[in-house]
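Peer 1: Questions regarding the structure given below will be posed in turn.
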Amino acid sequence: MNRKKIEDITSQILTEFNSNELPIPIKKIAERLGIKIHTYDLGDNISGVLVINQDQGFIGINPKEPSVRQRFTMAHELGHFLLHKNSSDSIFIDKEYKVLFRDQKSATGENKREQEANAFAASILMPRKLLIEQIQNHFLDLTDEVVVKQLAKMFDVSVIAMTIRISNLSLF
Ligand SMILES: [Zn+2]
């Protein structure tokens, strides 16, 4: 699935839920899509899990991680649910390193799914339209680190997630 398609899916979800508020209420959105979200002590290096049981999605989030991380993981698992629920896997376990930081060179099916879930998470938490609007309306200088930090705060994502998103959208 290409990035354009993923961007289309997330923008459709946001339009349906009329979610133009910032930060994007990812938990509310996932719950309204019928997903149950709980926090679990998943161990130190597990960020989140998604369990699919008869089309029902259950997301477990590690509450020990910073809230920006929990939001990204929630969005990542929602991405797995919406994009991959018809694959043979019914359990997705996401270790810390798999979320956000991925080996782009690897082309295994699993890695492809991780990349797609990350692309989904980035695009729903930092919608292209809202991000560009902020940058243009306020004449933001993206070469200024402080500006990127402020954007990260506004969208409630990590600075690194925002930096990657801005770079992927070729906004620098
Ligand atoms: Zn994943």
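In the structure tokens, each chain is lettered A, B, ... as it comes, each chain's residues begin at 1, and ligands are numbered from 1 in order of appearance.
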Give me, as number ranges by chain, all polymer residues having an atom no more than 6 Å from A:Ile6, counting only C-alpha atoms and skipping those fewer than 3 positions away in the same chain.

Peer 2: A: 3, 9, 120

Peer 1: Write out the residues from the selection above, keeping all heavy atoms, as a PDB file, in the first residue's frame.

Peer 2:
ATOM      1  N   ARG A   3       2.007   5.341   0.155  1.00  0.00           N
ATOM      2  CA  ARG A   3       1.774   6.403   1.143  1.00  0.00           C
ATOM      3  C   ARG A   3       0.558   7.251   0.828  1.00  0.00           C
ATOM      4  O   ARG A   3      -0.167   7.663   1.721  1.00  0.00           O
ATOM      5  CB  ARG A   3       2.994   7.324   1.195  1.00  0.00           C
ATOM      6  CG  ARG A   3       4.223   6.577   1.601  1.00  0.00           C
ATOM      7  CD  ARG A   3       5.034   7.373   2.586  1.00  0.00           C
ATOM      8  NE  ARG A   3       5.836   6.428   3.317  1.00  0.00           N
ATOM      9  CZ  ARG A   3       6.370   6.645   4.500  1.00  0.00           C
ATOM     10  NH1 ARG A   3       6.182   7.783   5.092  1.00  0.00           N
ATOM     11  NH2 ARG A   3       7.072   5.726   5.099  1.00  0.00           N
ATOM     12  N   ILE A   9      -6.680   7.408   3.476  1.00  0.00           N
ATOM     13  CA  ILE A   9      -7.455   6.728   4.519  1.00  0.00           C
ATOM     14  C   ILE A   9      -7.525   7.587   5.782  1.00  0.00           C
ATOM     15  O   ILE A   9      -8.591   7.786   6.362  1.00  0.00           O
ATOM     16  CB  ILE A   9      -6.849   5.339   4.842  1.00  0.00           C
ATOM     17  CG1 ILE A   9      -7.004   4.405   3.632  1.00  0.00           C
ATOM     18  CG2 ILE A   9      -7.494   4.728   6.084  1.00  0.00           C
ATOM     19  CD1 ILE A   9      -6.256   3.078   3.759  1.00  0.00           C
ATOM     20  N   PHE A 120       0.886   5.338   8.720  1.00  0.00           N
ATOM     21  CA  PHE A 120      -0.489   5.612   9.152  1.00  0.00           C
ATOM     22  C   PHE A 120      -0.463   6.493  10.405  1.00  0.00           C
ATOM     23  O   PHE A 120      -1.168   7.502  10.486  1.00  0.00           O
ATOM     24  CB  PHE A 120      -1.220   4.295   9.442  1.00  0.00           C
ATOM     25  CG  PHE A 120      -2.634   4.482   9.920  1.00  0.00           C
ATOM     26  CD1 PHE A 120      -3.685   4.456   9.023  1.00  0.00           C
ATOM     27  CD2 PHE A 120      -2.903   4.698  11.271  1.00  0.00           C
ATOM     28  CE1 PHE A 120      -4.998   4.648   9.462  1.00  0.00           C
ATOM     29  CE2 PHE A 120      -4.203   4.890  11.717  1.00  0.00           C
ATOM     30  CZ  PHE A 120      -5.251   4.864  10.812  1.00  0.00           C
TER      31      PHE A 120
END

Peer 1: Taking only C-alpha atoms and all ligand atoms into account, report as a list in words which residues have an atom no farther than 9 Å from an atom of ligand 1.

Peer 2: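 Every residue with an atom at most 9 Å from ligand 1 is listed here: Gly48, Val49, Leu50, Thr73, His76, Glu77, Gly79, His80, Phe92, Ile93, Asp94, Lys95, Lys98, Val99, Glu110, Asn111, Arg113, Glu114, Gln115, Glu116, Ala117 and Asn118 of chain A.
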
Peer 1: Check the DSSP output for the backbone and give back, as number ranges by chain, the residues of chain A in alpha helix (DSSP H).

Peer 2: A: 3-16, 26-32, 67-84, 109-125, 128-137, 145-155, 159-168

Peer 1: Within 8 Å of A:Met162, counting only C-alpha atoms, which residues qualify if same-chain residues fewer than 3 places away don't, as a ChimeraX atom specification?

Peer 2: /A:126,148,151-152,157-159,165-166

Peer 1: I need the chosen residues saved as a PDB file, in the first residue's frame, with C-alpha atoms.

Peer 2:
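After the write, again-v2.pdb holds the following:
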ATOM      1  CA  MET A 126       0.240  15.000  11.991  1.00  0.00           C
ATOM      2  CA  VAL A 148       9.909  22.121  15.257  1.00  0.00           C
ATOM      3  CA  LEU A 151       4.992  22.004  16.379  1.00  0.00           C
ATOM      4  CA  ALA A 152       5.704  18.706  18.136  1.00  0.00           C
ATOM      5  CA  VAL A 157       4.085  13.989  19.216  1.00  0.00           C
ATOM      6  CA  SER A 158       7.787  13.550  19.864  1.00  0.00           C
ATOM      7  CA  VAL A 159      10.221  15.964  18.268  1.00  0.00           C
ATOM      8  CA  ARG A 165       7.106  13.778   9.215  1.00  0.00           C
ATOM      9  CA  ILE A 166       8.296  17.184   8.018  1.00  0.00           C
TER      10      ILE A 166
END

Peer 1: Using only C-alpha atoms, which residues sit within 8 Å of stretch 134-147 of chain A once same-chain residues fewer than 4 positions away are excluded, as a list in words?

Peer 2: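 The residues that qualify are Leu130, Leu151, Leu171 and Phe172 of chain A.
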
Peer 1: So that I have them on file, write out the residues from the current selection with C-alpha atoms, as a PDB file, in the first residue's frame.

Peer 2:
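Output file again_24.pdb follows:
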ATOM      1  CA  LEU A 130      -3.213  20.770   9.333  1.00  0.00           C
ATOM      2  CA  LEU A 151       4.992  22.004  16.379  1.00  0.00           C
ATOM      3  CA  LEU A 171       8.553  20.554   3.932  1.00  0.00           C
ATOM      4  CA  PHE A 172      12.083  21.484   4.961  1.00  0.00           C
TER       5      PHE A 172
END

Peer 1: So that I can check the secondary structure, give me every residue of chain A assigned strand (DSSP E or B) by backbone DSSP, as an mmCIF file with C-alpha atoms, in the first residue's frame.

Peer 2:
data_model
loop_
_atom_site.group_PDB
_atom_site.id
_atom_site.type_symbol
_atom_site.label_atom_id
_atom_site.label_comp_id
_atom_site.auth_asym_id
_atom_site.auth_seq_id
_atom_site.Cartn_x
_atom_site.Cartn_y
_atom_site.Cartn_z
ATOM 1 C CA LYS A 36 -10.922 -1.254 22.996
ATOM 2 C CA ILE A 37 -7.844 0.341 24.501
ATOM 3 C CA HIS A 38 -6.263 -0.613 27.775
ATOM 4 C CA THR A 39 -2.976 0.015 29.457
ATOM 5 C CA ILE A 46 7.195 -3.513 24.444
ATOM 6 C CA SER A 47 5.369 -0.379 23.366
ATOM 7 C CA GLY A 48 2.062 -1.868 22.403
ATOM 8 C CA VAL A 49 0.085 -4.841 21.206
ATOM 9 C CA LEU A 50 -2.904 -5.321 18.986
ATOM 10 C CA VAL A 51 -5.054 -8.404 19.296
ATOM 11 C CA ILE A 52 -7.703 -9.098 16.703
ATOM 12 C CA ASN A 53 -10.440 -11.498 17.675
ATOM 13 C CA GLN A 56 -12.762 -6.906 17.174
ATOM 14 C CA GLY A 57 -9.602 -4.982 17.958
ATOM 15 C CA PHE A 58 -7.997 -4.754 21.386
ATOM 16 C CA ILE A 59 -5.030 -2.478 21.871
ATOM 17 C CA GLY A 60 -2.717 -2.702 24.843
ATOM 18 C CA ILE A 61 -0.462 0.231 25.573
ATOM 19 C CA ILE A 91 -1.614 -10.588 17.155
ATOM 20 C CA PHE A 92 0.804 -7.729 16.598
ATOM 21 C CA ILE A 93 3.435 -7.114 19.213
ATOM 22 C CA ASP A 94 5.416 -3.933 18.889
ATOM 23 C CA LYS A 95 8.722 -3.671 20.543
#

Peer 1: Hey, could you make a per-residue contact list for stretch 68-170 of chain A against stretch 10-32 of chain A with 9 Å as the cut-off, showing the nearest pair of atoms and its distance in Å to one decimal, counting only C-alpha atoms, sorted by chain and number, as a tab-separated table?

Peer 2:
residue	atom	partner	partner_atom	distance
A:Arg71	CA	A:Ile26	CA	6.9
A:Phe72	CA	A:Ile26	CA	8.8
A:Met74	CA	A:Lys27	CA	7.2
A:Ala75	CA	A:Ile26	CA	6.6
A:Leu78	CA	A:Ala30	CA	6.6
A:Phe120	CA	A:Thr10	CA	7.0
A:Ala121	CA	A:Thr10	CA	8.8
A:Ser123	CA	A:Thr10	CA	6.6
A:Ile124	CA	A:Thr10	CA	5.4
A:Leu125	CA	A:Ile24	CA	5.8
A:Met126	CA	A:Ile24	CA	7.9
A:Pro127	CA	A:Ser11	CA	7.2
A:Arg128	CA	A:Ser11	CA	8.7
A:Lys129	CA	A:Ser11	CA	8.8
A:Leu130	CA	A:Asn20	CA	7.7
A:Lys153	CA	A:Pro23	CA	8.5
A:Met154	CA	A:Pro23	CA	6.2
A:Phe155	CA	A:Pro23	CA	4.5
A:Asp156	CA	A:Pro23	CA	5.7
A:Val157	CA	A:Pro23	CA	8.6
